[in-house]
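Chemist: Dropping in work.csv, which is CSV, C-alpha atoms and all ligand atoms:
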chain,number,residue,atom,x,y,z
Z,1,MET,CA,6.0,-11.1,32.0
Z,2,ASP,CA,8.5,-8.2,32.3
Z,3,LEU,CA,11.7,-9.8,31.1
Z,4,TRP,CA,13.9,-7.2,32.8
Z,5,SER,CA,12.2,-7.1,36.2
Z,6,TYR,CA,13.6,-8.9,39.3
Z,7,GLU,CA,10.2,-8.5,41.1
Z,8,GLY,CA,9.7,-11.5,43.4
Z,9,LYS,CA,13.2,-12.9,42.7
Z,10,ARG,CA,15.6,-13.9,45.4
Z,11,CYS,CA,19.1,-12.8,44.5
Z,12,LEU,CA,22.4,-13.5,46.2
Z,13,VAL,CA,25.2,-11.0,45.5
Z,14,VAL,CA,28.6,-12.2,46.7
Z,15,GLY,CA,31.0,-9.2,47.1
Z,16,CYS,CA,28.5,-6.4,47.8
Z,17,HIS,CA,30.7,-4.1,49.9
Z,18,SER,CA,32.0,-2.0,47.0
Z,19,GLY,CA,32.4,-1.6,43.3
Z,20,ILE,CA,30.5,-3.7,40.8
Z,21,GLY,CA,28.9,-5.9,43.4
Z,22,GLU,CA,27.6,-2.9,45.4
Z,23,ALA,CA,26.2,-1.4,42.2
Z,24,THR,CA,24.7,-4.7,41.2
Z,25,ALA,CA,22.9,-5.0,44.6
Z,26,ARG,CA,21.6,-1.4,44.3
Z,27,GLU,CA,20.2,-1.9,40.8
Z,28,LEU,CA,18.7,-5.3,41.6
Z,29,ILE,CA,16.7,-3.7,44.5
Z,30,ARG,CA,15.6,-0.9,42.1
Z,31,LEU,CA,14.3,-3.7,39.8
Z,32,GLY,CA,12.3,-5.3,42.6
Z,33,GLY,CA,14.7,-8.1,43.7
Z,34,GLU,CA,15.0,-9.5,47.2
Z,35,VAL,CA,18.7,-9.1,47.6
Z,36,HIS,CA,20.9,-11.0,50.0
Z,37,GLY,CA,24.6,-10.3,50.3
Z,38,PHE,CA,27.9,-11.8,51.5
Z,39,ASP,CA,31.1,-9.9,51.9
Z,40,ILE,CA,34.2,-9.7,54.2
Z,41,LYS,CA,33.2,-6.1,54.8
Z,42,PRO,CA,29.8,-4.6,55.5
Z,43,SER,CA,27.6,-3.5,52.6
Z,44,PRO,CA,26.4,0.1,52.4
Z,45,VAL,CA,23.3,-1.2,50.5
Z,46,ASP,CA,19.9,-1.8,52.3
Z,47,LEU,CA,19.8,-5.5,51.7
Z,48,ALA,CA,17.2,-8.1,52.7
Z,49,SER,CA,20.0,-9.8,54.6
Z,50,PHE,CA,23.8,-9.4,54.9
Z,51,THR,CA,26.2,-12.0,56.1
Z,52,LEU,CA,29.9,-11.4,56.9
Z,53,CYS,CA,31.8,-14.1,55.0
Z,54,ASP,CA,35.5,-14.4,54.3
Z,55,LEU,CA,35.6,-16.3,50.9
Z,56,ARG,CA,39.0,-17.7,51.7
Z,57,SER,CA,37.3,-19.9,54.3
Z,58,ARG,CA,35.1,-22.7,53.2
Z,59,ALA,CA,33.6,-22.8,56.8
Z,60,ASP,CA,32.5,-19.2,56.3
Z,61,ILE,CA,31.0,-20.0,52.9
Z,62,ASP,CA,29.1,-23.0,54.3
Z,63,ALA,CA,27.8,-21.0,57.3
Z,64,ALA,CA,26.7,-18.1,55.2
Z,65,LEU,CA,24.8,-20.3,52.8
Z,66,ALA,CA,23.2,-22.2,55.6
Z,67,GLY,CA,21.6,-18.9,56.6
Z,68,ILE,CA,19.9,-18.3,53.2
Z,69,ASP,CA,16.7,-20.0,52.3
Z,70,GLY,CA,16.0,-21.3,48.8
Z,71,PRO,CA,14.9,-21.1,46.2
Z,72,ILE,CA,17.5,-18.7,44.9
Z,73,ASP,CA,16.7,-17.3,41.4
Z,74,ALA,CA,19.9,-15.5,40.6
Z,75,LEU,CA,23.5,-15.8,42.0
Z,76,PHE,CA,26.0,-13.0,41.3
Z,77,TYR,CA,29.6,-13.8,42.2
Z,78,CYS,CA,31.2,-10.3,42.2
Z,79,ALA,CA,34.0,-10.7,44.8
Z,80,GLY,CA,37.6,-10.5,43.8
Z,81,LEU,CA,41.1,-9.7,44.9
Z,82,PRO,CA,43.8,-7.8,43.0
Z,83,GLN,CA,47.5,-8.7,42.6
Z,84,THR,CA,48.4,-6.7,45.7
Z,85,PHE,CA,47.3,-9.7,47.8
Z,86,PRO,CA,49.2,-13.0,48.2
Z,87,GLY,CA,48.9,-15.1,45.0
Z,88,ILE,CA,47.3,-18.0,46.6
Z,89,GLU,CA,44.5,-15.8,48.1
Z,90,VAL,CA,44.0,-14.3,44.6
Z,91,VAL,CA,43.4,-17.7,43.2
Z,92,GLN,CA,41.1,-18.6,46.1
Z,93,VAL,CA,38.8,-15.6,45.9
Z,94,ASN,CA,38.8,-15.2,42.1
Z,95,PHE,CA,38.5,-18.9,41.2
Z,96,LEU,CA,38.5,-21.7,43.8
Z,97,SER,CA,35.9,-20.1,46.1
Z,98,ALA,CA,33.8,-19.0,43.2
Z,99,ARG,CA,33.6,-22.6,42.0
Z,100,TYR,CA,33.0,-23.9,45.5
Z,101,LEU,CA,30.3,-21.3,46.3
Z,102,VAL,CA,28.5,-21.8,43.1
Z,103,GLU,CA,28.5,-25.6,43.5
Z,104,GLN,CA,27.2,-25.3,47.1
Z,105,THR,CA,24.5,-22.9,46.1
Z,106,LEU,CA,23.1,-25.0,43.3
Z,107,PRO,CA,20.9,-27.2,45.5
Z,108,LYS,CA,19.1,-24.1,46.6
Z,109,MET,CA,18.6,-22.8,43.0
Z,110,ARG,CA,15.4,-23.4,41.1
Z,111,ARG,CA,15.1,-24.5,37.5
Z,112,GLY,CA,15.2,-21.4,35.3
Z,113,GLY,CA,17.7,-19.8,37.7
Z,114,ALA,CA,21.0,-18.3,36.6
Z,115,VAL,CA,24.5,-17.7,37.8
Z,116,ALA,CA,26.8,-14.9,36.7
Z,117,ILE,CA,30.5,-14.7,37.7
Z,118,ILE,CA,32.7,-11.7,37.2
Z,119,ALA,CA,35.9,-12.6,35.4
Z,120,SER,CA,38.0,-10.0,33.6
Z,121,THR,CA,39.6,-9.1,30.3
Z,122,ALA,CA,42.8,-9.9,32.2
Z,123,GLY,CA,41.7,-13.5,31.6
Z,124,ASN,CA,41.5,-13.1,27.8
Z,125,GLY,CA,44.6,-15.2,27.4
Z,126,TYR,CA,42.9,-18.4,28.5
Z,127,VAL,CA,43.0,-19.9,25.0
Z,128,LEU,CA,46.8,-19.6,24.8
Z,129,ARG,CA,47.3,-21.9,27.7
Z,130,LEU,CA,44.1,-23.9,27.8
Z,131,PRO,CA,45.7,-27.3,28.8
Z,132,THR,CA,47.3,-25.7,31.9
Z,133,VAL,CA,44.2,-23.8,32.9
Z,134,THR,CA,42.1,-26.9,32.4
Z,135,GLU,CA,44.3,-28.9,34.7
Z,136,LEU,CA,43.3,-26.6,37.6
Z,137,VAL,CA,39.7,-26.3,36.5
Z,138,GLN,CA,39.3,-30.1,36.5
Z,139,THR,CA,40.7,-30.7,40.0
Z,140,PRO,CA,37.9,-32.5,41.7
Z,141,ASP,CA,37.6,-30.4,44.9
Z,142,TYR,CA,38.8,-27.4,46.8
Z,143,ASP,CA,41.8,-29.0,48.5
Z,144,THR,CA,43.1,-30.5,45.3
Z,145,GLY,CA,42.7,-27.2,43.5
Z,146,LEU,CA,44.5,-25.4,46.3
Z,147,ALA,CA,47.4,-27.9,46.3
Z,148,TRP,CA,47.6,-27.6,42.5
Z,149,ALA,CA,47.7,-23.8,42.7
Z,150,GLU,CA,50.3,-23.8,45.5
Z,151,GLN,CA,52.6,-26.1,43.5
Z,152,HIS,CA,52.2,-24.2,40.1
Z,153,LEU,CA,51.9,-20.6,41.2
Z,154,PRO,CA,55.6,-19.8,40.7
Z,155,GLU,CA,55.5,-20.7,37.0
Z,156,LEU,CA,52.1,-19.1,36.2
Z,157,GLY,CA,53.0,-15.5,36.0
Z,158,ASP,CA,50.4,-13.0,37.2
Z,159,PRO,CA,48.1,-14.9,39.6
Z,160,TYR,CA,45.2,-12.5,38.9
Z,161,ALA,CA,45.3,-13.2,35.2
Z,162,PHE,CA,45.6,-16.9,35.8
Z,163,ALA,CA,42.7,-17.0,38.3
Z,164,LYS,CA,40.5,-15.1,35.8
Z,165,GLU,CA,41.4,-17.5,33.0
Z,166,ALA,CA,40.5,-20.4,35.4
Z,167,ALA,CA,37.1,-18.7,36.2
Z,168,ILE,CA,36.4,-18.3,32.5
Z,169,VAL,CA,37.4,-21.8,31.5
Z,170,TRP,CA,35.5,-23.4,34.4
Z,171,GLY,CA,32.4,-21.3,33.8
Z,172,MET,CA,32.3,-22.1,30.1
Z,173,ARG,CA,32.7,-25.8,30.8
Z,174,ARG,CA,30.3,-26.0,33.7
Z,175,ALA,CA,27.6,-24.2,31.7
Z,176,GLN,CA,27.6,-27.3,29.4
Z,177,THR,CA,26.3,-29.6,32.2
Z,178,LEU,CA,24.4,-27.2,34.4
Z,179,ILE,CA,22.0,-26.3,31.6
Z,180,GLY,CA,20.7,-29.9,31.9
Z,181,GLN,CA,19.3,-28.8,35.3
Z,182,GLY,CA,17.7,-25.8,33.8
Z,183,ILE,CA,20.3,-23.3,35.2
Z,184,ARG,CA,22.3,-21.0,33.0
Z,185,LEU,CA,25.8,-19.9,33.8
Z,186,ASN,CA,27.6,-16.9,32.2
Z,187,LEU,CA,30.7,-14.8,32.9
Z,188,LEU,CA,31.2,-11.0,32.6
Z,189,SER,CA,34.7,-9.8,31.7
Z,190,PRO,CA,35.0,-6.1,32.4
Z,191,GLY,CA,37.7,-3.8,31.2
Z,192,PRO,CA,39.3,-1.1,33.5
Z,193,THR,CA,36.6,-0.1,35.9
Z,194,GLN,CA,36.5,2.5,38.7
Z,195,SER,CA,35.9,0.5,41.9
Z,196,GLY,CA,37.3,-0.4,45.3
Z,197,MET,CA,40.3,-2.2,43.7
Z,198,THR,CA,41.4,0.7,41.3
Z,199,LYS,CA,44.0,1.9,43.8
Z,200,ASP,CA,45.5,-1.6,43.9
Z,201,PHE,CA,45.7,-1.9,40.1
Z,202,GLU,CA,47.3,1.6,40.0
Z,203,ALA,CA,49.9,0.5,42.5
Z,204,VAL,CA,50.8,-2.5,40.4
Z,205,SER,CA,50.8,-0.6,37.0
Z,206,SER,CA,50.6,3.1,36.5
Z,207,PRO,CA,47.2,4.8,35.8
Z,208,ALA,CA,48.5,5.6,32.3
Z,209,ILE,CA,49.3,1.9,31.6
Z,210,ILE,CA,45.8,1.0,32.8
Z,211,ASP,CA,44.3,3.6,30.5
Z,212,VAL,CA,45.9,2.0,27.5
Z,213,TYR,CA,43.4,-0.9,28.0
Z,214,THR,CA,40.5,1.6,27.7
Z,215,ALA,CA,41.1,2.0,23.9
Z,216,PRO,CA,39.0,2.7,21.8
Z,217,ILE,CA,36.4,4.2,24.2
Z,218,ASN,CA,39.2,6.1,26.0
Z,219,ARG,CA,37.6,6.2,29.5
Z,220,ARG,CA,37.2,3.7,32.3
Z,221,SER,CA,33.9,2.0,33.0
Z,222,SER,CA,31.9,2.9,36.1
Z,223,SER,CA,30.9,0.1,38.4
Z,224,ALA,CA,27.3,0.6,37.4
Z,225,GLU,CA,28.1,0.1,33.7
Z,226,GLN,CA,29.4,-3.4,34.6
Z,227,ALA,CA,26.4,-4.1,36.9
Z,228,TYR,CA,23.9,-3.6,34.0
Z,229,PRO,CA,25.2,-6.3,31.7
Z,230,LEU,CA,25.7,-8.6,34.7
Z,231,ILE,CA,22.1,-8.1,35.7
Z,232,PHE,CA,21.1,-8.8,32.0
Z,233,LEU,CA,22.9,-12.1,32.0
Z,234,ASN,CA,20.9,-13.4,35.0
Z,235,SER,CA,17.6,-11.9,33.7
Z,236,ASP,CA,14.8,-13.8,31.9
Z,237,GLY,CA,15.7,-11.6,28.9
Z,238,ALA,CA,18.9,-13.7,28.6
Z,239,SER,CA,17.0,-17.1,28.6
Z,240,TYR,CA,19.0,-18.4,25.6
Z,241,VAL,CA,22.4,-17.0,26.8
Z,242,ASN,CA,24.5,-19.7,28.4
Z,243,GLY,CA,28.3,-20.3,28.6
Z,244,THR,CA,29.1,-16.9,27.4
Z,245,ASN,CA,32.1,-14.8,28.5
Z,246,PHE,CA,30.4,-11.4,28.0
Z,247,ILE,CA,33.1,-8.8,27.4
Z,248,ALA,CA,32.3,-5.3,28.5
Z,249,ASP,CA,35.5,-3.4,27.7
Z,250,GLY,CA,34.5,-0.5,25.5
Z,251,GLY,CA,35.7,-2.4,22.4
Z,252,PHE,CA,39.3,-3.2,23.4
Z,253,THR,CA,39.2,-7.0,22.9
Z,254,ALA,CA,37.5,-6.6,19.5
Z,255,GLY,CA,40.1,-4.0,18.5
Z,256,MET,CA,42.9,-6.3,19.4
Z,257,ALA,CA,41.3,-9.2,17.6
Z,258,MET,CA,40.9,-7.1,14.5
Z,259,GLY,CA,44.5,-5.8,14.6
Z,260,MET,CA,43.3,-2.3,15.0
Z,261,ILE,CA,44.9,-1.5,18.3
Z,262,ASP,CA,48.7,-1.2,18.4
Z,263,LEU,CA,49.2,-2.3,22.0
Z,264,ASP,CA,53.0,-2.1,22.0
Z,265,SER,CA,53.2,1.5,20.8
Z,266,LEU,CA,50.4,2.5,23.2
Z,267,LEU,CA,52.2,0.9,26.1
Z,268,GLN,CA,55.5,2.5,25.1
Z,269,LYS,CA,53.9,5.9,24.9
Z,270,ALA,CA,52.2,5.4,28.3
Z,271,ALA,CA,55.5,4.2,29.9
Z,272,SER,CA,57.4,7.3,28.7
Z,273,ALA,CA,54.6,9.8,29.6
D,1,LIG,N1,38.0,-2.8,38.7
D,1,LIG,C1,38.4,-3.3,37.6
D,1,LIG,O1,39.1,-2.7,36.8
D,1,LIG,C2,38.0,-4.7,37.2
D,1,LIG,C3,38.3,-5.2,35.9
D,1,LIG,C4,38.0,-6.4,35.5
D,1,LIG,C5,37.4,-7.3,36.4
D,1,LIG,N2,37.2,-6.9,37.7
D,1,LIG,C6,36.6,-7.8,38.7
D,1,LIG,O2,35.4,-7.3,39.1
D,1,LIG,C7,35.0,-8.0,40.3
D,1,LIG,C8,34.5,-6.9,41.3
D,1,LIG,O3,35.6,-6.1,41.7
D,1,LIG,P1,35.5,-4.5,41.8
D,1,LIG,O4,36.3,-4.0,40.6
D,1,LIG,O5,34.1,-4.1,41.9
D,1,LIG,O6,36.4,-4.2,43.1
D,1,LIG,P2,36.0,-4.1,44.6
D,1,LIG,O7,37.2,-4.2,45.3
D,1,LIG,O8,35.2,-2.8,44.7
D,1,LIG,O9,35.0,-5.3,44.9
D,1,LIG,C9,35.5,-6.5,45.3
D,1,LIG,C10,34.6,-7.0,46.4
D,1,LIG,O10,35.0,-8.3,46.8
D,1,LIG,C11,35.0,-8.3,48.3
D,1,LIG,N3,36.0,-9.3,48.8
D,1,LIG,C12,37.4,-9.3,48.6
D,1,LIG,N4,37.9,-10.3,49.3
D,1,LIG,C13,36.9,-10.9,49.9
D,1,LIG,C14,36.9,-12.1,50.7
D,1,LIG,N5,38.0,-12.7,51.1
D,1,LIG,N6,35.7,-12.5,51.2
D,1,LIG,C15,34.5,-11.8,50.9
D,1,LIG,N7,34.5,-10.7,50.1
D,1,LIG,C16,35.7,-10.3,49.6
D,1,LIG,C17,35.4,-6.9,48.6
D,1,LIG,O11,35.1,-6.6,50.0
D,1,LIG,C18,34.6,-6.1,47.6
D,1,LIG,O12,33.3,-5.9,48.1
D,1,LIG,C19,36.3,-8.7,40.8
D,1,LIG,O13,36.2,-10.1,40.4
D,1,LIG,C20,37.4,-8.0,39.9
D,1,LIG,O14,38.5,-8.9,39.8
D,1,LIG,C21,37.5,-5.6,38.1
What is this structure when it is put down as structure tokens?
Modeler:
Amino acid sequence: MDLWSYEGKRCLVVGCHSGIGEATARELIRLGGEVHGFDIKPSPVDLASFTLCDLRSRADIDAALAGIDGPIDALFYCAGLPQTFPGIEVVQVNFLSARYLVEQTLPKMRRGGAVAIIASTAGNGYVLRLPTVTELVQTPDYDTGLAWAEQHLPELGDPYAFAKEAAIVWGMRRAQTLIGQGIRLNLLSPGPTQSGMTKDFEAVSSPAIIDVYTAPINRRSSSAEQAYPLIFLNSDGASYVNGTNFIADGGFTAGMAMGMIDLDSLLQKAASA
């Protein structure tokens, strides 16, 4: 068996119009996968099927999934919205709809299948407010989650960071139970990556501030460089990898944890540049 091949595997890539999802779909096809895609905008990739789907709408998610036959071997949730969108939509696409779509896809997934969700190093702070994040993550369904988010958004700070924290915490928790069905679930947390949302991030912070978070590698990731670890997480080569928040940030998080990156002085330097 070729551990890295996707030959004969039915893959679903959610968020395949641009960026990491587009790169993931392209690479999966190169690896032999049968790749189906959902997005709110058309995909430039030559997919086995593409379905227009607005992830802010559960009816859209249900209709899109109804059009895909099982068994699905690998689910890649790559869709996301930056902070330039209304906070509640950011929480929907980056967390609530991810949770909903994964749960609705599971009945179509086979034992030995795998789910990979893109989070972000922007969610690294999840440990600092775990009880609050867990409150949202433990809401029993979409409507309760939406109501919780609407009520608490004003006190949560950056909705993008909070939604990414929620995706990480939910994913790490759900992996504990899902493995009992023979399905693995992991997260990928990219650092600054050139993609469709780069212009949005640069409108919120400056390019120089974003580049601070590329220390120590000192360059941004390409979308393909995030697709590769994501594809690994859902491959047979990762058969013992479950509940992991895989950080692909060029070493930034490790540098912070080791006290080897002086974030404050780098930010000051970037702000005055
Ligand atoms: N670019 C970065 O620096 C960076 C860093 C860390 C994490 N991420 C995360 O990576 C993931 C992929 O983003 P990207 O960087 O490739 O950006 P991107 O904007 O190129 O990709 C996001 C995709 O989500 C789709 N999408 C957005 N709203 C949707 C909706 N309502 N319904 C259906 N599809 C929708 C977009 O059309 C697009 O295809 C996101 O979760 C993002 O938060 C990005």
Chemist: Using only C-alpha atoms, what table do you get, as a tab-separated table, when you list each residue of range 35-122 of chain Z with an atom no more than 7 Å from range 165-182 of chain Z, its nearest pair of atoms, and their distance in Å rounded to one decimal, rows by chain then rising number?
Modeler:
residue	atom	partner	partner_atom	distance
Z:Phe95	CA	Z:Ala167	CA	5.2
Z:Arg111	CA	Z:Gly182	CA	4.7
Z:Gly112	CA	Z:Gly182	CA	5.3
Z:Ala119	CA	Z:Ala167	CA	6.3
Chemist: For Ala215 in chain Z, find every residue with an atom within 12 Å (counting all atoms listed in the file), except residues of its own chain fewer than 3 positions away, and show them as number ranges by chain.
Modeler: Z: 191-192, 208-212, 218-221, 249-256, 260-263, 266-267
Chemist: Which chains and residue numbers are within 8 Å of ligand LIG 1 (chain D), counting only C-alpha atoms and all ligand atoms, if I want them as an NGL selection string?
Modeler: :Z and (14-22 or 38-43 or 52-57 or 77-82 or 89 or 93-94 or 117-122 or 160 or 164 or 189-198 or 201 or 221 or 223)
Chemist: With distances taken over only C-alpha atoms, which residue among Z:Gln138, Z:Ser5, Z:Thr144, Z:Gln151 lies nearest Ser235 in chain Z?
Modeler: Z:Ser5
Chemist: Nearest residue to Thr105 in chain Z out of Z:Ala257, Z:Thr132, Z:Pro159, Z:Ala64, using all atoms listed in the file?
Modeler: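 Among Z:Ala257, Z:Thr132, Z:Pro159, Z:Ala64, it is Z:Ala64 that comes nearest to Thr105 in chain Z.
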Chemist: Between Z:Pro44, Z:Pro207, Z:Pro131, Z:Pro216, which residue has the minimum interatomic distance to Ala270 in chain Z, considering only C-alpha atoms?
Modeler: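 Using only C-alpha atoms, Ala270 in chain Z sits closest to Z:Pro207.
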Chemist: For Glu225 in chain Z, which residue out of Z:Gln92, Z:Ser49, Z:Thr24, Z:Thr244 is the nearest one, using only C-alpha atoms?
Modeler: Z:Thr24
Chemist: Using only C-alpha atoms, find the one residue out of Z:Phe246, Z:Tyr142, Z:Phe76, Z:Tyr213 that sits nearest to Leu28 in chain Z.
Modeler: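 Checking each of Z:Phe246, Z:Tyr142, Z:Phe76, Z:Tyr213 against Leu28 in chain Z, counting only C-alpha atoms, the winner is Z:Phe76.
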Chemist: In Å, rounded to a single decimal, give me how far CA of Val90 in chain Z is from CA of Glu34 in chain Z.
Modeler: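 Between these atoms lies a distance of 29.5 Å.
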Chemist: Which residue is closest to Gln83 in chain Z? Choose from Z:Pro140, Z:Gly259, Z:Gly67, Z:Gly157 and count all atoms listed in the file.
Modeler: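 Under the stated criterion, the closest residue is Z:Gly157.
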Chemist: Can you measure CA of Phe232 in chain Z to CA of Gln104 in chain Z for me? One decimal in Å is fine.
Modeler: 23.2 Å
Chemist: Give me, please, the distance in Å between CA of Asp46 in chain Z and CA of Asp236 in chain Z, quoted to one decimal.
Modeler: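 Atom-to-atom, CA of Asp46 in chain Z and CA of Asp236 in chain Z are spaced 24.2 Å apart.
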Chemist: Applying 8 Å and all atoms listed in the file, which residues near Asp73 in chain Z remain after dropping the ones on its own chain fewer than 3 positions away? List them as number ranges by chain.
Modeler: Z: 9-11, 109-110, 112-114
Chemist: Can you list, as an MDAnalysis selection string, every protein, DNA or RNA residue that comes within 9 Å of Val102 in chain Z when you count only C-alpha atoms, leaving out same-chain residues fewer than 4 positions away?
Modeler: chainID Z and resid 75 77 97:98 106 115
Chemist: Would you save range 44-69 of chain Z to a file, keeping N, CA and C atoms, as a PDB file, in the first residue's frame?
Modeler:
ATOM      1  N   PRO Z  44     -11.407  27.008  -9.577  1.00  0.00           N
ATOM      2  CA  PRO Z  44     -10.656  26.906 -10.836  1.00  0.00           C
ATOM      3  C   PRO Z  44     -10.097  25.498 -11.068  1.00  0.00           C
ATOM      4  N   VAL Z  45     -10.306  24.588 -10.113  1.00  0.00           N
ATOM      5  CA  VAL Z  45      -9.720  23.241 -10.208  1.00  0.00           C
ATOM      6  C   VAL Z  45     -10.691  22.322 -10.952  1.00  0.00           C
ATOM      7  N   ASP Z  46     -10.137  21.381 -11.712  1.00  0.00           N
ATOM      8  CA  ASP Z  46     -10.945  20.433 -12.480  1.00  0.00           C
ATOM      9  C   ASP Z  46     -11.385  19.282 -11.552  1.00  0.00           C
ATOM     10  N   LEU Z  47     -12.477  19.522 -10.836  1.00  0.00           N
ATOM     11  CA  LEU Z  47     -12.927  18.601  -9.783  1.00  0.00           C
ATOM     12  C   LEU Z  47     -13.857  17.527 -10.334  1.00  0.00           C
ATOM     13  N   ALA Z  48     -14.012  16.434  -9.572  1.00  0.00           N
ATOM     14  CA  ALA Z  48     -15.000  15.405  -9.948  1.00  0.00           C
ATOM     15  C   ALA Z  48     -16.404  15.995  -9.865  1.00  0.00           C
ATOM     16  N   SER Z  49     -16.632  16.877  -8.892  1.00  0.00           N
ATOM     17  CA  SER Z  49     -17.881  17.639  -8.844  1.00  0.00           C
ATOM     18  C   SER Z  49     -17.646  18.896  -8.025  1.00  0.00           C
ATOM     19  N   PHE Z  50     -18.404  19.939  -8.368  1.00  0.00           N
ATOM     20  CA  PHE Z  50     -18.333  21.173  -7.581  1.00  0.00           C
ATOM     21  C   PHE Z  50     -19.758  21.609  -7.247  1.00  0.00           C
ATOM     22  N   THR Z  51     -19.982  22.011  -6.009  1.00  0.00           N
ATOM     23  CA  THR Z  51     -21.304  22.477  -5.591  1.00  0.00           C
ATOM     24  C   THR Z  51     -21.172  23.849  -4.956  1.00  0.00           C
ATOM     25  N   LEU Z  52     -21.960  24.794  -5.461  1.00  0.00           N
ATOM     26  CA  LEU Z  52     -21.999  26.113  -4.833  1.00  0.00           C
ATOM     27  C   LEU Z  52     -22.657  25.967  -3.470  1.00  0.00           C
ATOM     28  N   CYS Z  53     -22.046  26.534  -2.449  1.00  0.00           N
ATOM     29  CA  CYS Z  53     -22.564  26.353  -1.096  1.00  0.00           C
ATOM     30  C   CYS Z  53     -22.133  27.533  -0.244  1.00  0.00           C
ATOM     31  N   ASP Z  54     -23.090  28.232   0.319  1.00  0.00           N
ATOM     32  CA  ASP Z  54     -22.770  29.298   1.261  1.00  0.00           C
ATOM     33  C   ASP Z  54     -22.782  28.687   2.651  1.00  0.00           C
ATOM     34  N   LEU Z  55     -21.611  28.627   3.253  1.00  0.00           N
ATOM     35  CA  LEU Z  55     -21.484  27.936   4.541  1.00  0.00           C
ATOM     36  C   LEU Z  55     -22.167  28.678   5.688  1.00  0.00           C
ATOM     37  N   ARG Z  56     -22.679  29.866   5.425  1.00  0.00           N
ATOM     38  CA  ARG Z  56     -23.448  30.558   6.467  1.00  0.00           C
ATOM     39  C   ARG Z  56     -24.881  30.030   6.505  1.00  0.00           C
ATOM     40  N   SER Z  57     -25.210  29.149   5.552  1.00  0.00           N
ATOM     41  CA  SER Z  57     -26.574  28.620   5.459  1.00  0.00           C
ATOM     42  C   SER Z  57     -26.576  27.104   5.666  1.00  0.00           C
ATOM     43  N   ARG Z  58     -27.271  26.661   6.719  1.00  0.00           N
ATOM     44  CA  ARG Z  58     -27.351  25.207   6.940  1.00  0.00           C
ATOM     45  C   ARG Z  58     -28.106  24.512   5.824  1.00  0.00           C
ATOM     46  N   ALA Z  59     -29.092  25.206   5.243  1.00  0.00           N
ATOM     47  CA  ALA Z  59     -29.844  24.601   4.133  1.00  0.00           C
ATOM     48  C   ALA Z  59     -28.894  24.330   2.964  1.00  0.00           C
ATOM     49  N   ASP Z  60     -27.990  25.268   2.707  1.00  0.00           N
ATOM     50  CA  ASP Z  60     -27.001  25.073   1.641  1.00  0.00           C
ATOM     51  C   ASP Z  60     -26.091  23.880   1.953  1.00  0.00           C
ATOM     52  N   ILE Z  61     -25.656  23.789   3.197  1.00  0.00           N
ATOM     53  CA  ILE Z  61     -24.758  22.677   3.576  1.00  0.00           C
ATOM     54  C   ILE Z  61     -25.495  21.347   3.395  1.00  0.00           C
ATOM     55  N   ASP Z  62     -26.727  21.293   3.877  1.00  0.00           N
ATOM     56  CA  ASP Z  62     -27.514  20.051   3.755  1.00  0.00           C
ATOM     57  C   ASP Z  62     -27.702  19.672   2.287  1.00  0.00           C
ATOM     58  N   ALA Z  63     -28.046  20.672   1.458  1.00  0.00           N
ATOM     59  CA  ALA Z  63     -28.297  20.387   0.037  1.00  0.00           C
ATOM     60  C   ALA Z  63     -27.006  19.933  -0.650  1.00  0.00           C
ATOM     61  N   ALA Z  64     -25.903  20.585  -0.322  1.00  0.00           N
ATOM     62  CA  ALA Z  64     -24.627  20.211  -0.950  1.00  0.00           C
ATOM     63  C   ALA Z  64     -24.248  18.780  -0.570  1.00  0.00           C
ATOM     64  N   LEU Z  65     -24.400  18.452   0.713  1.00  0.00           N
ATOM     65  CA  LEU Z  65     -24.033  17.094   1.158  1.00  0.00           C
ATOM     66  C   LEU Z  65     -24.959  16.047   0.560  1.00  0.00           C
ATOM     67  N   ALA Z  66     -26.221  16.404   0.362  1.00  0.00           N
ATOM     68  CA  ALA Z  66     -27.173  15.446  -0.223  1.00  0.00           C
ATOM     69  C   ALA Z  66     -26.742  15.052  -1.637  1.00  0.00           C
ATOM     70  N   GLY Z  67     -25.969  15.913  -2.281  1.00  0.00           N
ATOM     71  CA  GLY Z  67     -25.524  15.626  -3.650  1.00  0.00           C
ATOM     72  C   GLY Z  67     -24.244  14.810  -3.736  1.00  0.00           C
ATOM     73  N   ILE Z  68     -23.655  14.457  -2.594  1.00  0.00           N
ATOM     74  CA  ILE Z  68     -22.388  13.696  -2.598  1.00  0.00           C
ATOM     75  C   ILE Z  68     -22.639  12.291  -2.070  1.00  0.00           C
ATOM     76  N   ASP Z  69     -22.288  11.292  -2.871  1.00  0.00           N
ATOM     77  CA  ASP Z  69     -22.428   9.898  -2.417  1.00  0.00           C
ATOM     78  C   ASP Z  69     -21.315   9.531  -1.438  1.00  0.00           C
TER      79      ASP Z  69
END
